[in-house]
Amino acid sequence: MKNGIKTTSLSRAAIYILLIILSLPILLGYLWLFSGSISDELEFGIVPKRITFENWRFLWSDITIGTKVFPNIWPITLNSLLLSGSITLLEVLISLLAGYALSRMNFPGRNFILKTTIILHAFPGVALLIALYYVLNYIGMIDKIAGVVLVKVALELPMATWMIKGFFDEISWEIEWAAYMDGCSRLQAWYKIILPQIKPGIAAVALFAFLAGWSEFIYSYTFIFSSENYTLAVFLKNLIGDFRFLDYGLLAAAGLFYMIPVIAFFLISQKSLATIKFGGIKR
Amino acid sequence: MEVTMMNVVKRFGNFKAVDNLSLTIKDGEFVALLGPSGCGKTTTLLMLAGIYKPDAGEIIFDDKIVNDVLPKDRNIGMCFQSYALYPHMTVEQNIAFPLKLKKLPKKVIDEKVREIAAKFRIEHLLKRYPGQISGGQQQRVALARALIKEPNLLLLDEPLSNLDAGLRISMRAEIKKLQKELGITTVFVTHDQTEALSMSDRIAVMNKGKLQAIGTPEDLYMRPKNMFIAGFIGNPPMNFLEVGYIMDGDRVTLKGKNFEISLPEEISRTFIKKQNNERIVMGIRPEHLSVGAEAPNTIKGEIYVVEHLGKDKLVDVKVGDDRIKVLTGQDFEGKMGDTVNLHLDFKNVHLFDAADGNSMKRVA
Ligand SMILES: Nc1ncnc2c1ncn2[C@@H]1O[C@H](COP(=O)(O)OP(=O)(O)OP(=O)(O)O)[C@@H](O)[C@H]1O
Ligand SMILES: [Mg+2]
């Protein structure tokens, strides 16, 4: 007869095995990326034969593949940071104001806005590419990082606002009223009393906004032509180029470089992210 | 500061949470707003605070109509039911917050915080966060925060409801003493009548959004205007018995299903007269009944249950289909099923119109 403990540990082992098998392709992928970036040849697919940092040469020199010369990566990294940073800043700021209004104020159209935000979020942005191109062109924002920022913020804002609204909903009215009684104006109550209490929520929204900006590709690729305005995602795409001269080692190294902020963010915020619950269904 | 509410109405959709409320609170007075849950007490308080705007009527501070004055400009201290301390600030920062907003110099603020913290005996908690102190301590912090800016009006929304019985009694006395010391006009919301009776100069009783009566605790207890007040004020509550009104010359007799009581003439004179045989309601408090020997003009019944209240015993007596509660001394020895005779203290008999519930007492 099996006892209870044995069954649970058995089934637990089964779960682990299953999880390992399922995550193996991803793990192997990352392992390949890492080994590939620090060697010039791989054995058995993933074991480095000889360690070299030659693949990381883009960090200190210009690179040439075939006849093509690639610009230095640092200004491009800066562009990516600028893009993600601006998206984060704008998105957080606007969603904090809009989320507050949707959570705390009654105005005509409020319900309509609440219901349509999610639909707006589900709208496929790619379908808008041509229309957006015309609009950006018209307002003189084509081939500018600011243009991509505007587009990205507009598309991400509904979801961010929805999330932030959920955090505001959790704050009791009495706390806000207490702030008014103590002499706060509405704006003061908002930033002195309410915002400090939803800091984790703000951090989460900022993180998502940053990562979304960092991994943004399609708009940068479509709306930006000048190489001095390239972002990392576009740079990577160009590295792949036309496949004839594809340098896998270089690509692996650049790919890893591109992932550094993402990995860093998740390592730092993993614990605090897990504790946040995303409200937002309540009105 | 004198506070007046004139014909104030507050609606939520079609629902009238506060219905035509008129009320004047004198300068320095301590008024309790008493009423069952959901009767509109908090709504009234929030209108005084300026959080809600009345849909009709006027709110007047001294001589100024303040309907459109923002809460921050009313100089009101308020203590919420949940205390509403700011969780991201220490106790010290919480208390100092109203003064900081006034941009007082830091030295003055520190001085005042220390002073008021000493008064509320929370000096040792100043560096802690609200989540790190007990409910009673939070309540004192909330009071300190409400009082530090020396408000013209203090609003307290059931500040004692989260405290244990012992703490509640000591805080009652403390709040009352402080209020008298500072002379701040105070409105205190509660649904606990003992609290209202023991603390306030006057009590305003509300029900279903309407003001039922306002008066001193003694007024409301001795001369209730209607059955709602009579039943609401006093613990254990007043007994109500439906009786027929029978007049024989000057003699008034109250005829119940299983008893008959003749009122002494000097008592019946204090009530307005009714038609012969009209149905009315007699009210008498448990403390104005006693158990005694068989005699005329008493109510005969059978003991249904005896409750021990510590100091007293509360005897539940069955009279036909009616139940009458009687307060007796601890030495009462009656047991379930015993037959008893209830003697009435006629001076404290109340009569009410059965139709509208208004008291039949003549106004002197
Ligand atoms: N924001 C609101 N929207 C709709 N109805 C409300 C709102 N606030 C209060 N009410 C209703 O108005 C009535 C009075 O509410 P209020 O909070 O003033 O009661 P209260 O006397 O303070 O009760 P309690 O003793 O339970 O605190 C209640 O029936 C309540 O449901
Ligand atoms: Mg209330």
# chains A, B, ... in the order shown; residues from 1 in each chain; ligands from 1
>>> interface_residues(of="chain B", to="chain A", cutoff="10 Å", atoms="only C-alpha atoms", output="VMD selection string")
chain B and resid 46 49 to 51 70 to 89 94 to 102 142 145 to 146 148 to 149
>>> select_by_dssp(residues="segment 159-297 of chain B", states="strand (DSSP E)", output="JSON, numbers by chain")
{"B": [185, 186, 187, 188, 189, 190, 202, 203, 204, 205, 206, 207, 210, 211, 212, 213, 214, 215, 239, 240, 241, 242, 243, 244, 245, 246, 247, 248, 251, 252, 253, 254, 255, 260, 261, 262, 278, 279, 280, 281, 282, 283, 284, 289, 290, 291, 292]}
>>> residues_near_ligand(ligand="ligand 2", cutoff="10 Å", atoms="only C-alpha atoms and all ligand atoms", output="list in words")
Gly35, Pro36, Ser37, Gly38, Cys39, Gly40, Lys41, Thr42, Thr43, Thr44, Leu45, Leu46, Phe80, Gln81, Asp157, Glu158, Val189, Thr190 and His191 of chain B
>>> closest_residue(among="B:Leu23, B:Leu197, B:Leu104, B:Val205", to="ligand 1", atoms="only C-alpha atoms and all ligand atoms")
B:Val205
>>> residues_around(residues="Lys335 of chain B", least_positions_apart="6", cutoff="9 Å", atoms="only C-alpha atoms", output="ChimeraX atom specification")
/B:303-306
>>> residues_around(residues="segment 327-333 of chain B", least_positions_apart="6", cutoff="10 Å", atoms="only C-alpha atoms", output="list in words")
Pro236, Arg285, Pro286, Glu287, His288, Leu289, Ser290, Val291, Val306, Glu307, His308, Leu309, Gly310, Lys311, Asp312, Lys313, Leu314, Val315 and Asp316 of chain B
>>> closest_residue(among="B:Ala173, B:Ala144, B:Leu263, B:Met206", to="ligand 1", atoms="only C-alpha atoms and all ligand atoms")
B:Met206
>>> select_by_dssp(residues="segment 137-320 of chain B", states="alpha helix (DSSP H)", output="PyMOL selection string")
chain B and resi 137-147+165-182+193-199+217-222+227-232+265-268
>>> closest_residue(among="B:Pro296, B:Gly166, B:Gly13, B:Gly57", to="ligand 1", atoms="only C-alpha atoms and all ligand atoms")
B:Gly13
